[in-house]
Structures are given as structure tokens and as C-alpha cells.
>>> print(open('structure-v1.pdb').read())   # PDB, C-alpha atoms
ATOM      1  CA  MET A   1     -48.132 -23.416  42.715
ATOM      2  CA  LEU A   2     -47.091 -21.592  39.531
ATOM      3  CA  LYS A   3     -44.390 -19.607  41.355
ATOM      4  CA  LYS A   4     -43.012 -22.794  42.861
ATOM      5  CA  MET A   5     -42.838 -24.444  39.446
ATOM      6  CA  LEU A   6     -41.068 -21.535  37.776
ATOM      7  CA  MET A   7     -38.349 -20.879  40.315
ATOM      8  CA  PRO A   8     -35.964 -23.790  39.529
ATOM      9  CA  LEU A   9     -36.223 -23.636  35.725
ATOM     10  CA  ASP A  10     -33.034 -23.246  33.693
ATOM     11  CA  ILE A  11     -33.032 -20.154  31.441
ATOM     12  CA  GLN A  12     -32.386 -22.297  28.337
ATOM     13  CA  TYR A  13     -35.342 -24.520  29.122
ATOM     14  CA  PHE A  14     -37.970 -22.637  27.158
ATOM     15  CA  ALA A  15     -35.781 -22.263  24.108
ATOM     16  CA  ASN A  16     -35.430 -26.051  24.004
ATOM     17  CA  ALA A  17     -39.072 -26.703  24.881
ATOM     18  CA  GLN A  18     -38.268 -29.656  27.153
ATOM     19  CA  PRO A  19     -40.532 -30.483  30.118
ATOM     20  CA  PRO A  20     -39.201 -29.813  33.632
ATOM     21  CA  ALA A  21     -37.918 -32.836  35.523
ATOM     22  CA  ASN A  22     -40.280 -32.660  38.506
ATOM     23  CA  THR A  23     -43.534 -31.389  37.015
ATOM     24  CA  THR A  24     -46.302 -32.820  34.865
ATOM     25  CA  GLY A  25     -48.611 -31.280  32.306
ATOM     26  CA  THR A  26     -48.051 -27.762  30.995
ATOM     27  CA  LEU A  27     -47.904 -24.293  32.380
ATOM     28  CA  ASN A  28     -50.225 -21.562  31.176
ATOM     29  CA  THR A  29     -51.478 -21.548  27.610
ATOM     30  CA  GLY A  30     -53.461 -18.784  25.968
ATOM     31  CA  THR A  31     -54.707 -17.411  22.695
ATOM     32  CA  GLY A  32     -56.930 -14.666  21.389
ATOM     33  CA  ALA A  33     -57.168 -10.986  22.273
ATOM     34  CA  ASN A  34     -55.914 -11.455  25.818
ATOM     35  CA  SER A  35     -52.507 -12.543  24.517
ATOM     36  CA  THR A  36     -51.803  -9.010  23.277
ATOM     37  CA  LYS A  37     -52.426  -7.283  26.600
ATOM     38  CA  PRO A  38     -48.866  -7.393  27.966
ATOM     39  CA  ASN A  39     -47.333  -5.807  24.825
ATOM     40  CA  ALA A  40     -47.298  -2.351  26.412
ATOM     41  CA  TYR A  41     -45.512  -3.736  29.456
ATOM     42  CA  TYR A  42     -42.790  -5.446  27.417
ATOM     43  CA  ASP A  43     -42.354  -2.417  25.130
ATOM     44  CA  LYS A  44     -41.813  -0.194  28.162
ATOM     45  CA  LEU A  45     -39.361  -2.647  29.649
ATOM     46  CA  MET A  46     -37.343  -2.882  26.443
ATOM     47  CA  LEU A  47     -37.035   0.880  25.959
ATOM     48  CA  GLU A  48     -36.159   1.560  29.574
ATOM     49  CA  LEU A  49     -33.419  -1.038  29.557
ATOM     50  CA  LEU A  50     -31.945   0.274  26.317
ATOM     51  CA  VAL A  51     -31.473   3.688  27.896
ATOM     52  CA  GLN A  52     -29.635   2.106  30.814
ATOM     53  CA  THR A  53     -27.296  -0.047  28.714
ATOM     54  CA  ASP A  54     -23.633   0.973  28.845
ATOM     55  CA  PHE A  55     -22.690   0.836  25.155
ATOM     56  CA  LEU A  56     -21.087   4.153  24.229
ATOM     57  CA  HIS A  57     -19.742   4.074  20.667
ATOM     58  CA  ALA A  58     -22.612   6.281  19.425
ATOM     59  CA  LYS A  59     -22.208   8.801  22.254
ATOM     60  CA  PHE A  60     -20.538  11.500  20.141
ATOM     61  CA  ALA A  61     -22.307  10.945  16.827
ATOM     62  CA  GLN A  62     -24.450  13.434  14.978
ATOM     63  CA  LYS A  63     -27.983  12.074  15.306
ATOM     64  CA  ARG A  64     -30.131  12.776  12.234
ATOM     65  CA  PRO A  65     -33.678  11.336  12.324
ATOM     66  CA  MET A  66     -35.231  10.539   8.939
ATOM     67  CA  PRO A  67     -38.897  11.308   8.186
ATOM     68  CA  LYS A  68     -41.176   8.342   7.530
ATOM     69  CA  ARG A  69     -41.625   7.177   3.947
ATOM     70  CA  ALA A  70     -38.470   9.047   2.854
ATOM     71  CA  GLY A  71     -36.687   6.070   1.314
ATOM     72  CA  ASP A  72     -33.738   4.116   2.662
ATOM     73  CA  THR A  73     -30.925   6.622   2.050
ATOM     74  CA  VAL A  74     -29.799   9.564   4.162
ATOM     75  CA  ASN A  75     -27.523  12.254   2.743
ATOM     76  CA  PHE A  76     -25.204  14.018   5.150
ATOM     77  CA  ARG A  77     -23.806  17.292   3.816
ATOM     78  CA  LYS A  78     -20.661  19.116   4.843
ATOM     79  CA  ILE A  79     -19.060  22.370   3.697
ATOM     80  CA  THR A  80     -15.398  22.298   2.743
ATOM     81  CA  LYS A  81     -13.033  24.593   4.626
ATOM     82  CA  LEU A  82     -12.412  27.999   3.004
ATOM     83  CA  GLU A  83      -8.802  29.130   2.683
ATOM     84  CA  PRO A  84      -7.664  32.368   4.389
ATOM     85  CA  ALA A  85      -7.623  35.474   2.155
ATOM     86  CA  LEU A  86      -4.045  36.706   2.614
ATOM     87  CA  THR A  87      -3.728  38.910  -0.496
ATOM     88  CA  PRO A  88      -4.334  42.614   0.207
ATOM     89  CA  LEU A  89      -7.222  44.219  -1.688
ATOM     90  CA  THR A  90      -6.397  46.632  -4.504
ATOM     91  CA  GLU A  91      -8.432  49.820  -4.531
ATOM     92  CA  GLY A  92     -11.273  49.553  -7.003
ATOM     93  CA  VAL A  93     -10.491  45.950  -7.952
ATOM     94  CA  THR A  94     -12.841  43.154  -6.964
ATOM     95  CA  PRO A  95     -10.967  39.977  -6.048
ATOM     96  CA  THR A  96     -11.752  36.692  -7.747
ATOM     97  CA  GLY A  97     -13.399  35.235  -4.669
ATOM     98  CA  GLN A  98     -13.739  31.648  -3.594
ATOM     99  CA  THR A  99     -16.178  29.007  -4.669
ATOM    100  CA  GLY A 100     -18.025  27.223  -1.896
ATOM    101  CA  GLN A 101     -18.265  23.466  -2.084
ATOM    102  CA  VAL A 102     -20.794  21.241  -0.369
ATOM    103  CA  GLN A 103     -19.957  17.555  -0.188
ATOM    104  CA  ALA A 104     -22.721  14.974   0.095
ATOM    105  CA  ILE A 105     -22.078  11.746   1.980
ATOM    106  CA  SER A 106     -24.727   9.053   1.568
ATOM    107  CA  ALA A 107     -25.585   6.182   3.897
ATOM    108  CA  ILE A 108     -28.105   3.433   3.231
ATOM    109  CA  THR A 109     -30.246   2.321   6.155
ATOM    110  CA  HIS A 110     -30.875  -1.337   6.941
ATOM    111  CA  GLN A 111     -33.184  -3.324   9.177
ATOM    112  CA  TYR A 112     -31.813  -5.385  12.033
ATOM    113  CA  GLY A 113     -33.526  -7.765  14.403
ATOM    114  CA  ASP A 114     -33.714 -11.133  16.077
ATOM    115  CA  TYR A 115     -36.196 -13.294  17.958
ATOM    116  CA  MET A 116     -36.553 -16.243  20.307
ATOM    117  CA  GLU A 117     -39.102 -19.026  20.083
ATOM    118  CA  PHE A 118     -40.850 -20.476  23.127
ATOM    119  CA  SER A 119     -43.040 -23.505  23.636
ATOM    120  CA  ASP A 120     -46.580 -23.428  24.974
ATOM    121  CA  LEU A 121     -45.168 -23.964  28.461
ATOM    122  CA  VAL A 122     -44.852 -20.205  28.802
ATOM    123  CA  ASP A 123     -47.809 -17.886  28.295
ATOM    124  CA  VAL A 124     -47.138 -14.378  27.009
ATOM    125  CA  THR A 125     -50.500 -13.272  28.383
ATOM    126  CA  MET A 126     -48.938 -12.864  31.822
ATOM    127  CA  VAL A 127     -45.875 -10.983  33.041
ATOM    128  CA  ASP A 128     -43.855 -14.128  33.529
ATOM    129  CA  PRO A 129     -40.467 -13.751  35.286
ATOM    130  CA  ILE A 130     -38.788 -16.058  32.756
ATOM    131  CA  LEU A 131     -40.084 -14.025  29.815
ATOM    132  CA  LYS A 132     -38.964 -10.889  31.615
ATOM    133  CA  GLU A 133     -35.427 -12.250  31.878
ATOM    134  CA  TYR A 134     -35.401 -13.090  28.188
ATOM    135  CA  THR A 135     -36.668  -9.606  27.367
ATOM    136  CA  VAL A 136     -33.849  -8.118  29.429
ATOM    137  CA  GLU A 137     -31.304 -10.158  27.479
ATOM    138  CA  GLN A 138     -32.876  -9.252  24.131
ATOM    139  CA  ALA A 139     -32.687  -5.582  25.076
ATOM    140  CA  ARG A 140     -28.999  -5.950  25.801
ATOM    141  CA  SER A 141     -28.459  -7.857  22.562
ATOM    142  CA  ALA A 142     -30.295  -5.203  20.524
ATOM    143  CA  ARG A 143     -28.245  -2.382  21.985
ATOM    144  CA  GLU A 144     -24.995  -4.275  21.541
ATOM    145  CA  THR A 145     -25.881  -4.952  17.899
ATOM    146  CA  LEU A 146     -26.189  -1.232  17.185
ATOM    147  CA  ASP A 147     -23.055  -0.503  19.203
ATOM    148  CA  ILE A 148     -20.984  -2.972  17.180
ATOM    149  CA  LEU A 149     -22.275  -1.483  13.914
ATOM    150  CA  VAL A 150     -21.032   1.939  15.034
ATOM    151  CA  ARG A 151     -17.753   0.472  16.307
ATOM    152  CA  GLU A 152     -17.005  -1.215  12.991
ATOM    153  CA  GLU A 153     -17.673   1.977  11.034
ATOM    154  CA  LEU A 154     -15.351   3.990  13.281
ATOM    155  CA  ASN A 155     -12.610   1.395  12.940
ATOM    156  CA  ALA A 156     -12.815   1.402   9.135
ATOM    157  CA  GLY A 157     -11.356   4.918   8.891
ATOM    158  CA  SER A 158      -8.233   5.854   6.956
ATOM    159  CA  ASN A 159      -6.336   7.744   9.690
ATOM    160  CA  VAL A 160      -4.180   5.303  11.656
ATOM    161  CA  PHE A 161      -1.396   5.810  14.206
ATOM    162  CA  TYR A 162       0.665   2.807  15.279
ATOM    163  CA  ALA A 163       2.386   2.410  18.635
ATOM    164  CA  ASN A 164       6.151   2.592  19.017
ATOM    165  CA  GLY A 165       6.681   4.145  15.580
ATOM    166  CA  LYS A 166       5.516   1.061  13.683
ATOM    167  CA  THR A 167       3.986   1.546  10.250
ATOM    168  CA  ALA A 168       1.603  -1.395   9.917
ATOM    169  CA  ARG A 169      -0.628  -3.589  12.067
ATOM    170  CA  ASP A 170       1.203  -6.798  11.258
ATOM    171  CA  ALA A 171       4.440  -5.175  12.442
ATOM    172  CA  LEU A 172       3.088  -4.559  15.940
ATOM    173  CA  ALA A 173       4.520  -6.976  18.485
ATOM    174  CA  LYS A 174       4.879  -7.513  22.203
ATOM    175  CA  GLY A 175       6.413  -4.397  23.687
ATOM    176  CA  ASP A 176       4.534  -2.007  21.394
ATOM    177  CA  ASN A 177       2.502  -0.844  24.360
ATOM    178  CA  PRO A 178       0.114   2.134  24.394
ATOM    179  CA  THR A 179       1.659   5.305  25.851
ATOM    180  CA  ILE A 180       0.323   8.700  26.789
ATOM    181  CA  ASP A 181       2.913  10.330  24.502
ATOM    182  CA  ASP A 182       1.320   8.577  21.517
ATOM    183  CA  PHE A 183      -2.099   9.932  22.488
ATOM    184  CA  ARG A 184      -0.622  13.415  22.885
ATOM    185  CA  LYS A 185       0.845  13.172  19.356
ATOM    186  CA  ILE A 186      -2.560  12.145  18.015
ATOM    187  CA  VAL A 187      -4.229  15.145  19.660
ATOM    188  CA  LEU A 188      -1.484  17.370  18.240
ATOM    189  CA  ALA A 189      -2.329  16.028  14.764
ATOM    190  CA  LEU A 190      -6.016  16.800  15.337
ATOM    191  CA  LYS A 191      -5.204  20.351  16.393
ATOM    192  CA  ARG A 192      -2.990  20.876  13.345
ATOM    193  CA  ALA A 193      -5.897  19.741  11.177
ATOM    194  CA  HIS A 194      -8.101  22.388  12.870
ATOM    195  CA  VAL A 195     -10.371  19.695  14.331
ATOM    196  CA  LYS A 196     -12.521  20.967  17.184
ATOM    197  CA  PRO A 197     -12.542  19.040  20.490
ATOM    198  CA  ALA A 198     -15.335  16.526  20.998
ATOM    199  CA  THR A 199     -16.832  17.839  24.245
ATOM    200  CA  ASP A 200     -16.091  20.394  26.971
ATOM    201  CA  GLY A 201     -12.988  21.558  25.124
ATOM    202  CA  LYS A 202     -11.511  18.033  25.252
ATOM    203  CA  TYR A 203     -10.903  15.296  22.735
ATOM    204  CA  VAL A 204     -12.255  11.811  23.466
ATOM    205  CA  ALA A 205     -10.459   8.471  23.339
ATOM    206  CA  PHE A 206     -12.359   5.164  23.362
ATOM    207  CA  ILE A 207      -9.998   2.580  24.876
ATOM    208  CA  THR A 208     -10.084  -1.068  25.904
ATOM    209  CA  PRO A 209      -9.659  -2.037  29.568
ATOM    210  CA  GLU A 210      -6.219  -3.439  28.672
ATOM    211  CA  VAL A 211      -5.100  -0.095  27.216
ATOM    212  CA  ALA A 212      -6.425   1.677  30.316
ATOM    213  CA  PHE A 213      -4.436  -0.744  32.480
ATOM    214  CA  ASP A 214      -1.182   0.133  30.697
ATOM    215  CA  LEU A 215      -1.833   3.867  30.771
ATOM    216  CA  MET A 216      -2.207   3.703  34.531
ATOM    217  CA  ASP A 217       1.418   2.492  34.650
ATOM    218  CA  ASP A 218       2.689   5.295  32.390
ATOM    219  CA  PRO A 219       4.552   7.816  34.623
ATOM    220  CA  LYS A 220       3.415  10.852  32.610
ATOM    221  CA  PHE A 221      -0.186   9.669  32.625
ATOM    222  CA  LEU A 222      -0.070   8.843  36.322
ATOM    223  CA  LYS A 223       1.356  12.238  37.261
ATOM    224  CA  ALA A 224      -1.321  14.121  35.312
ATOM    225  CA  TYR A 225      -3.998  11.778  36.666
ATOM    226  CA  GLU A 226      -2.977  12.410  40.265
ATOM    227  CA  ILE A 227      -3.134  16.171  39.724
ATOM    228  CA  ALA A 228      -6.629  15.950  38.184
ATOM    229  CA  GLN A 229      -8.037  13.142  40.320
ATOM    230  CA  ASN A 230     -10.352  15.504  42.178
ATOM    231  CA  ALA A 231     -11.979  16.575  38.918
ATOM    232  CA  LYS A 232     -15.468  15.108  38.564
ATOM    233  CA  PRO A 233     -15.886  12.930  35.427
ATOM    234  CA  LEU A 234     -18.757  14.121  33.263
ATOM    235  CA  ILE A 235     -19.094  11.127  30.956
ATOM    236  CA  LYS A 236     -20.192   7.587  31.780
ATOM    237  CA  GLY A 237     -17.225   5.262  31.526
ATOM    238  CA  GLU A 238     -14.652   8.040  31.803
ATOM    239  CA  VAL A 239     -11.517   6.870  33.610
ATOM    240  CA  ALA A 240      -9.364   9.981  33.272
ATOM    241  CA  ASP A 241      -9.285  13.510  31.903
ATOM    242  CA  VAL A 242      -5.638  14.359  31.216
ATOM    243  CA  TYR A 243      -3.671  16.267  28.562
ATOM    244  CA  GLY A 244      -6.879  17.515  26.973
ATOM    245  CA  ILE A 245      -8.229  13.999  26.435
ATOM    246  CA  LYS A 246     -11.173  12.302  28.077
ATOM    247  CA  PHE A 247     -10.340   8.599  28.215
ATOM    248  CA  ILE A 248     -13.449   6.414  28.128
ATOM    249  CA  GLU A 249     -13.059   2.725  28.844
ATOM    250  CA  ILE A 250     -15.269   0.577  26.621
ATOM    251  CA  ILE A 251     -15.707  -3.126  27.218
ATOM    252  CA  ASN A 252     -16.903  -3.591  23.643
ATOM    253  CA  ALA A 253     -13.970  -1.772  22.020
ATOM    254  CA  LYS A 254     -12.371  -3.245  18.910
ATOM    255  CA  VAL A 255      -9.598  -5.842  19.134
ATOM    256  CA  PHE A 256      -7.946  -7.157  15.970
ATOM    257  CA  GLU A 257      -7.406 -10.710  17.162
ATOM    258  CA  GLU A 258      -4.098 -12.344  16.180
ATOM    259  CA  GLU A 259      -3.427  -9.720  13.471
ATOM    260  CA  GLY A 260      -0.138  -8.479  14.914
ATOM    261  CA  ALA A 261       3.328  -9.989  14.546
ATOM    262  CA  ASP A 262       3.527 -13.572  15.818
ATOM    263  CA  GLY A 263      -0.267 -13.612  16.141
ATOM    264  CA  VAL A 264      -0.583 -11.089  18.965
ATOM    265  CA  ASP A 265      -3.866  -9.265  19.524
ATOM    266  CA  VAL A 266      -3.860  -5.621  18.431
ATOM    267  CA  HIS A 267      -6.082  -3.252  20.410
ATOM    268  CA  SER A 268      -7.770  -0.299  18.747
ATOM    269  CA  SER A 269      -8.282   3.048  20.452
ATOM    270  CA  ILE A 270     -10.467   5.624  18.681
ATOM    271  CA  VAL A 271      -9.638   9.301  19.233
ATOM    272  CA  LEU A 272     -12.407  11.704  18.230
ATOM    273  CA  GLY A 273     -12.910  15.353  17.517
ATOM    274  CA  GLN A 274     -16.300  17.049  17.356
ATOM    275  CA  LYS A 275     -19.134  14.888  15.923
ATOM    276  CA  PRO A 276     -17.163  13.344  13.060
ATOM    277  CA  TYR A 277     -19.690  10.571  12.374
ATOM    278  CA  GLY A 278     -23.455  10.339  12.082
ATOM    279  CA  ILE A 279     -26.222   7.877  12.830
ATOM    280  CA  THR A 280     -29.827   7.922  11.726
ATOM    281  CA  LYS A 281     -33.161   6.316  12.493
ATOM    282  CA  ILE A 282     -36.732   6.871  11.310
ATOM    283  CA  LYS A 283     -38.239   9.896  13.039
ATOM    284  CA  GLY A 284     -41.034   9.031  15.456
ATOM    285  CA  ASN A 285     -40.628   5.319  14.927
ATOM    286  CA  GLY A 286     -38.378   4.627  17.913
ATOM    287  CA  ASP A 287     -35.049   2.880  18.058
ATOM    288  CA  VAL A 288     -36.277  -0.642  18.693
ATOM    289  CA  GLN A 289     -39.657  -2.291  18.254
ATOM    290  CA  THR A 290     -40.622  -5.219  20.469
ATOM    291  CA  ILE A 291     -42.618  -7.864  18.599
ATOM    292  CA  ILE A 292     -44.633 -10.497  20.474
ATOM    293  CA  LYS A 293     -46.369 -13.321  18.618
ATOM    294  CA  ALA A 294     -48.735 -15.293  20.810
ATOM    295  CA  LEU A 295     -49.595 -18.973  20.693
ATOM    296  CA  GLY A 296     -51.603 -19.786  17.588
ATOM    297  CA  SER A 297     -50.849 -16.493  15.836
ATOM    298  CA  ALA A 298     -49.064 -18.413  13.062
ATOM    299  CA  GLY A 299     -52.349 -20.030  11.996
ATOM    300  CA  THR A 300     -51.923 -23.319  10.148
ATOM    301  CA  ALA A 301     -48.128 -23.059  10.575
ATOM    302  CA  ASP A 302     -48.759 -23.729  14.294
ATOM    303  CA  PRO A 303     -51.816 -26.037  14.259
ATOM    304  CA  LEU A 304     -51.506 -27.100  17.907
ATOM    305  CA  ASN A 305     -50.749 -23.633  19.339
ATOM    306  CA  GLN A 306     -47.325 -24.756  20.521
ATOM    307  CA  ARG A 307     -45.072 -21.876  19.485
ATOM    308  CA  GLN A 308     -44.786 -18.235  20.485
ATOM    309  CA  THR A 309     -42.023 -15.703  19.980
ATOM    310  CA  ILE A 310     -40.586 -12.494  21.382
ATOM    311  CA  GLY A 311     -38.376 -10.493  19.074
ATOM    312  CA  TRP A 312     -36.926  -7.065  18.387
ATOM    313  CA  LYS A 313     -36.446  -5.094  15.199
ATOM    314  CA  VAL A 314     -34.772  -1.858  14.180
ATOM    315  CA  ASN A 315     -36.677  -0.572  11.171
ATOM    316  CA  ALA A 316     -33.905   1.615   9.781
ATOM    317  CA  PHE A 317     -30.398   2.262  11.030
ATOM    318  CA  ALA A 318     -27.276   3.642   9.404
ATOM    319  CA  VAL A 319     -23.927   4.946  10.633
ATOM    320  CA  LYS A 320     -21.371   6.849   8.559
ATOM    321  CA  ARG A 321     -18.004   8.513   9.064
ATOM    322  CA  LEU A 322     -18.320  12.145   7.993
ATOM    323  CA  TYR A 323     -14.971  13.771   8.784
ATOM    324  CA  GLU A 324     -12.040  11.400   8.339
ATOM    325  CA  GLU A 325      -9.617  13.983   9.701
ATOM    326  CA  ALA A 326     -11.479  13.986  13.027
ATOM    327  CA  ILE A 327     -11.253  10.216  13.631
ATOM    328  CA  ILE A 328      -7.878   8.635  14.359
ATOM    329  CA  ARG A 329      -7.439   4.944  15.105
ATOM    330  CA  TYR A 330      -4.533   4.143  17.419
ATOM    331  CA  GLU A 331      -3.313   0.554  17.346
ATOM    332  CA  SER A 332      -1.137  -0.942  20.069
ATOM    333  CA  VAL A 333      -0.360  -4.178  21.905
ATOM    334  CA  PRO A 334      -1.089  -3.824  25.622
ATOM    335  CA  SER A 335       1.243  -5.667  27.973
ATOM    336  CA  ASN A 336      -1.612  -7.669  29.476
ATOM    337  CA  ALA A 337      -3.481  -8.463  26.256
TER     338      ALA A 337
END
>>> encode(input="structure-v1.pdb", output="C-alpha cells")
Amino acid sequence: MLKKMLMPLDIQYFANAQPPANTTGTLNTGTGANSTKPNAYYDKLMLELLVQTDFLHAKFAQKRPMPKRAGDTVNFRKITKLEPALTPLTEGVTPTGQTGQVQAISAITHQYGDYMEFSDLVDVTMVDPILKEYTVEQARSARETLDILVREELNAGSNVFYANGKTARDALAKGDNPTIDDFRKIVLALKRAHVKPATDGKYVAFITPEVAFDLMDDPKFLKAYEIAQNAKPLIKGEVADVYGIKFIEIINAKVFEEEGADGVDVHSSIVLGQKPYGITKIKGNGDVQTIIKALGSAGTADPLNQRQTIGWKVNAFAVKRLYEEAIIRYESVPSNA
């Protein structure tokens, strides 16, 4: 009977706590110790789904776990590049030498989280298919939250290259399409700055589907793509590996909506060298914690045992650009945007 009652329910039903049209009474209710039993199941489900989620902005970050009870600030350190010693040594004379410099870059961690409230028509003491679906969606939402935080940090960098020789975002207009030559110029700039490739001797470009669409029409891109089409992609989301660049299509990539000339959307592509940004979490504390509050757990705030919640929380997360010279934002207006 329970299975029959659950099958036709709308997914928004429990959030609104309205009774189903063709049923009477309530579904399962429960309190006490038994209501905590499924926590291990939902925790496992949440973590497994997070691993399988296709959000990739953090893929090439330096990952630096923080020890517990170490405060809310992480300090990344980097050594400045030493200049070549081109002056010949003079016999018996010790040169002046160089002074090493270590630069500290600080990032403050923050908590993130969200929850959903359910009525007493759903009982968290059982592995209910509706609760499972909500847990799946919360897992996706949690992962997307972290992905957008990383995306926004990457897009706040100071190195920008505009399509078609333009010099500002608000000057970009229809016709300022992304081209493979622009990406090649960006990689040339990275090489001149002595920036190491991101992975497998290649630089990485995060692009929107619209940018990928235009590149597939670029004759130079298409020719190189056809030559390398038998090469096996090594990265999830990779659409091409040409001219020393691994192009990774990202659904969640940044779009500056209506910020171009005449209100056109400007698409951002991020080109990366080797680990130019870092993320951190608390060591041993996991990425995301699932929090289940059973009916009646609120005490006098829920006197009739009518409310229960499932939520997620990230206890500490921070992302920071570390090497500005290794992150270049390329802005363009795809033809099909």
C-alpha cells in the first residue's frame, strides 16, 4: 500500500506539506532513536554522488587540507622566480648573490550549506524513494555551490585577453567570435611568462558549449582536430587536444550576461597553466556533511512532531588564485550565444 501511495506524488509535494489528492491520513511518522538509523545510508549516498558529479572547475587546483582547530585562515606560500646569473665570476671575488623572497597569500575559509524541510508525511526512519531523490538533488546542489565559488575566483583574475583585438568587455559585439588563433596567442603568452603546462605537457582551457561550437567551425581548429581525433582524451569533459591545449567543455562556465556592446552576452574561457589556484578544506572532516533532523528533534519548536529536515554543510572551504600569470581569462561573443 505504501509503495502505491508514493508513486504518483509530485516532487514538490513534501516541501509544501500538502496532502495527496487521493489518499487520507498520513504516511509514516517516527521519533526517537530509530530515526537516526538511516544517517549512514544517506551519508554514503551523498558522498558517492558528489564524486560522480561533473563539475570540473576545481580539477586543476592545488588541494591543501587544513588540520582541525587551526583557525579559519590558510596561508599559501610561493617563492619568487630567481633571475639568471649572467655576469662571469671574478677569481677570488664573491658575488653579491640574490635574496630569496617568499610571498604569503592568505585565504579565509567559510561555511556553506542549505536544507529542506519536510512534513510528517515522510518518515526519515526509512529509505524512502522521495527522500532519496531529494538527497540526490541536494548532492548536486552542494557540488555546484563549490564549483561556482571556484569559477568566480578564477574569473576575478587580472589577466584578460579579448577576442578580435578588442580592449574591453563592453566593446565586444556580435562578430567577436572565439578563434583558435586567439587561444594560440594566449598559450604563447603563458610560455613567454615561463608558465608550466597544466597536465601532460598541455595547457587547459575551460570553455562554454557555445565557444566549443564555434571552434568546431574554425578551419585551423578543425584541421588539427581531424589529425588528432584518434587520440584518447584523458580528462572528463575534454572535447579536443590541439595546439598544446586541452579544451574542456563546462556547462557551468562563466557568462557575463548582457555586459557586451548592445547588451550581448560575453562568454569567458579560462586558460590555465600548472596549479595556479588552491582550494582547502578541513583535514579528515570530509567535503560535505549530511545533516538529518528527525520529527520532534526541535523540541518545543515542533510541539506536534510535524517537521523534519535534510541538509548539507561544508564546514570550511576557501579558494584562492595563487599565480596570476598562469590564469588568463579569454572573453568572446560566440555566434550562437
>>> residues_around(input="structure-v1.pdb", residues="Thr109 (chain A)", least_positions_apart="6", cutoff="7 Å", atoms="all atoms listed in the file", output="list in words")
Asp72, Thr73, Ala316, Phe317 and Ala318 of chain A
>>> residues_around(input="structure-v1.pdb", residues="Asn177 (chain A)", least_positions_apart="2", cutoff="6 Å", atoms="all atoms listed in the file", output="ChimeraX atom specification")
/A:175,332-334
>>> residues_around(input="structure-v1.pdb", residues="Gly157 (chain A)", least_positions_apart="4", cutoff="8 Å", atoms="only C-alpha atoms", output="MDAnalysis selection string")
chainID A and resid 153 321 324 327:329
>>> resolve_selection(input="structure-v1.pdb", expression="the PyMOL selection byres ((chain A and resi 278) around 9)", output="number ranges by chain")
A: 58, 60-64, 76, 275-277, 279-280, 318-322
>>> resolve_selection(input="structure-v1.pdb", expression="the PyMOL selection byres ((chain A and resi 81) around 9)", output="PyMOL selection string")
chain A and resi 79-80+82-83+100-101
>>> closest_residue(input="structure-v1.pdb", among="A:Leu215, A:Ile291, A:Met66, A:Leu190", to="Gln138 (chain A)", atoms="only C-alpha atoms")
A:Ile291
>>> closest_residue(input="structure-v1.pdb", among="A:Gln289, A:Val264, A:Lys246, A:Ser335", to="Asp218 (chain A)", atoms="only C-alpha atoms")
A:Ser335
>>> closest_residue(input="structure-v1.pdb", among="A:Tyr330, A:Trp312, A:Tyr115, A:Phe55", to="Lys185 (chain A)", atoms="only C-alpha atoms")
A:Tyr330
>>> atom_distance(input="structure-v1.pdb", atom1="CA of Asn164 (chain A)", atom2="CA of Asp182 (chain A)")
8.1 Å
>>> resolve_selection(input="structure-v1.pdb", expression="the PyMOL selection byres ((chain A and resi 145) around 12)", output="ChimeraX atom specification")
/A:50,53,55,57-58,111-114,138-144,146-152,252,288,312-314,317
>>> atom_distance(input="structure-v1.pdb", atom1="CA of Val211 (chain A)", atom2="CA of Ala337 (chain A)")
8.6 Å
>>> decode(input="structure-v1.pdb", residues="region 172-184 of chain A", atoms="N, CA and C atoms", output="PDB file, in the first residue's frame")
ATOM      1  N   LEU A 172      33.061  44.383 -26.794  1.00  0.00           N
ATOM      2  CA  LEU A 172      32.812  43.147 -27.525  1.00  0.00           C
ATOM      3  C   LEU A 172      31.390  43.148 -28.080  1.00  0.00           C
ATOM      4  N   ALA A 173      31.275  42.744 -29.360  1.00  0.00           N
ATOM      5  CA  ALA A 173      29.981  42.775 -30.018  1.00  0.00           C
ATOM      6  C   ALA A 173      29.807  41.527 -30.870  1.00  0.00           C
ATOM      7  N   LYS A 174      28.662  41.412 -31.499  1.00  0.00           N
ATOM      8  CA  LYS A 174      28.434  40.305 -32.416  1.00  0.00           C
ATOM      9  C   LYS A 174      29.517  40.304 -33.489  1.00  0.00           C
ATOM     10  N   GLY A 175      30.056  39.145 -33.756  1.00  0.00           N
ATOM     11  CA  GLY A 175      31.162  39.036 -34.700  1.00  0.00           C
ATOM     12  C   GLY A 175      32.517  38.862 -34.030  1.00  0.00           C
ATOM     13  N   ASP A 176      32.581  39.172 -32.733  1.00  0.00           N
ATOM     14  CA  ASP A 176      33.831  38.974 -31.986  1.00  0.00           C
ATOM     15  C   ASP A 176      33.850  37.537 -31.468  1.00  0.00           C
ATOM     16  N   ASN A 177      33.897  36.616 -32.417  1.00  0.00           N
ATOM     17  CA  ASN A 177      33.781  35.197 -32.097  1.00  0.00           C
ATOM     18  C   ASN A 177      35.088  34.614 -31.578  1.00  0.00           C
ATOM     19  N   PRO A 178      35.027  33.551 -30.783  1.00  0.00           N
ATOM     20  CA  PRO A 178      36.256  32.883 -30.338  1.00  0.00           C
ATOM     21  C   PRO A 178      36.948  32.194 -31.516  1.00  0.00           C
ATOM     22  N   THR A 179      38.271  32.258 -31.545  1.00  0.00           N
ATOM     23  CA  THR A 179      39.044  31.624 -32.619  1.00  0.00           C
ATOM     24  C   THR A 179      40.203  30.848 -32.018  1.00  0.00           C
ATOM     25  N   ILE A 180      40.656  29.861 -32.731  1.00  0.00           N
ATOM     26  CA  ILE A 180      41.795  29.075 -32.262  1.00  0.00           C
ATOM     27  C   ILE A 180      43.066  29.910 -32.252  1.00  0.00           C
ATOM     28  N   ASP A 181      43.184  30.893 -33.152  1.00  0.00           N
ATOM     29  CA  ASP A 181      44.367  31.754 -33.156  1.00  0.00           C
ATOM     30  C   ASP A 181      44.473  32.544 -31.858  1.00  0.00           C
ATOM     31  N   ASP A 182      43.328  32.988 -31.322  1.00  0.00           N
ATOM     32  CA  ASP A 182      43.361  33.703 -30.039  1.00  0.00           C
ATOM     33  C   ASP A 182      43.865  32.783 -28.927  1.00  0.00           C
ATOM     34  N   PHE A 183      43.403  31.548 -28.899  1.00  0.00           N
ATOM     35  CA  PHE A 183      43.882  30.613 -27.884  1.00  0.00           C
ATOM     36  C   PHE A 183      45.371  30.329 -28.054  1.00  0.00           C
ATOM     37  N   ARG A 184      45.830  30.248 -29.282  1.00  0.00           N
ATOM     38  CA  ARG A 184      47.266  30.026 -29.518  1.00  0.00           C
ATOM     39  C   ARG A 184      48.092  31.213 -29.007  1.00  0.00           C
TER      40      ARG A 184
END
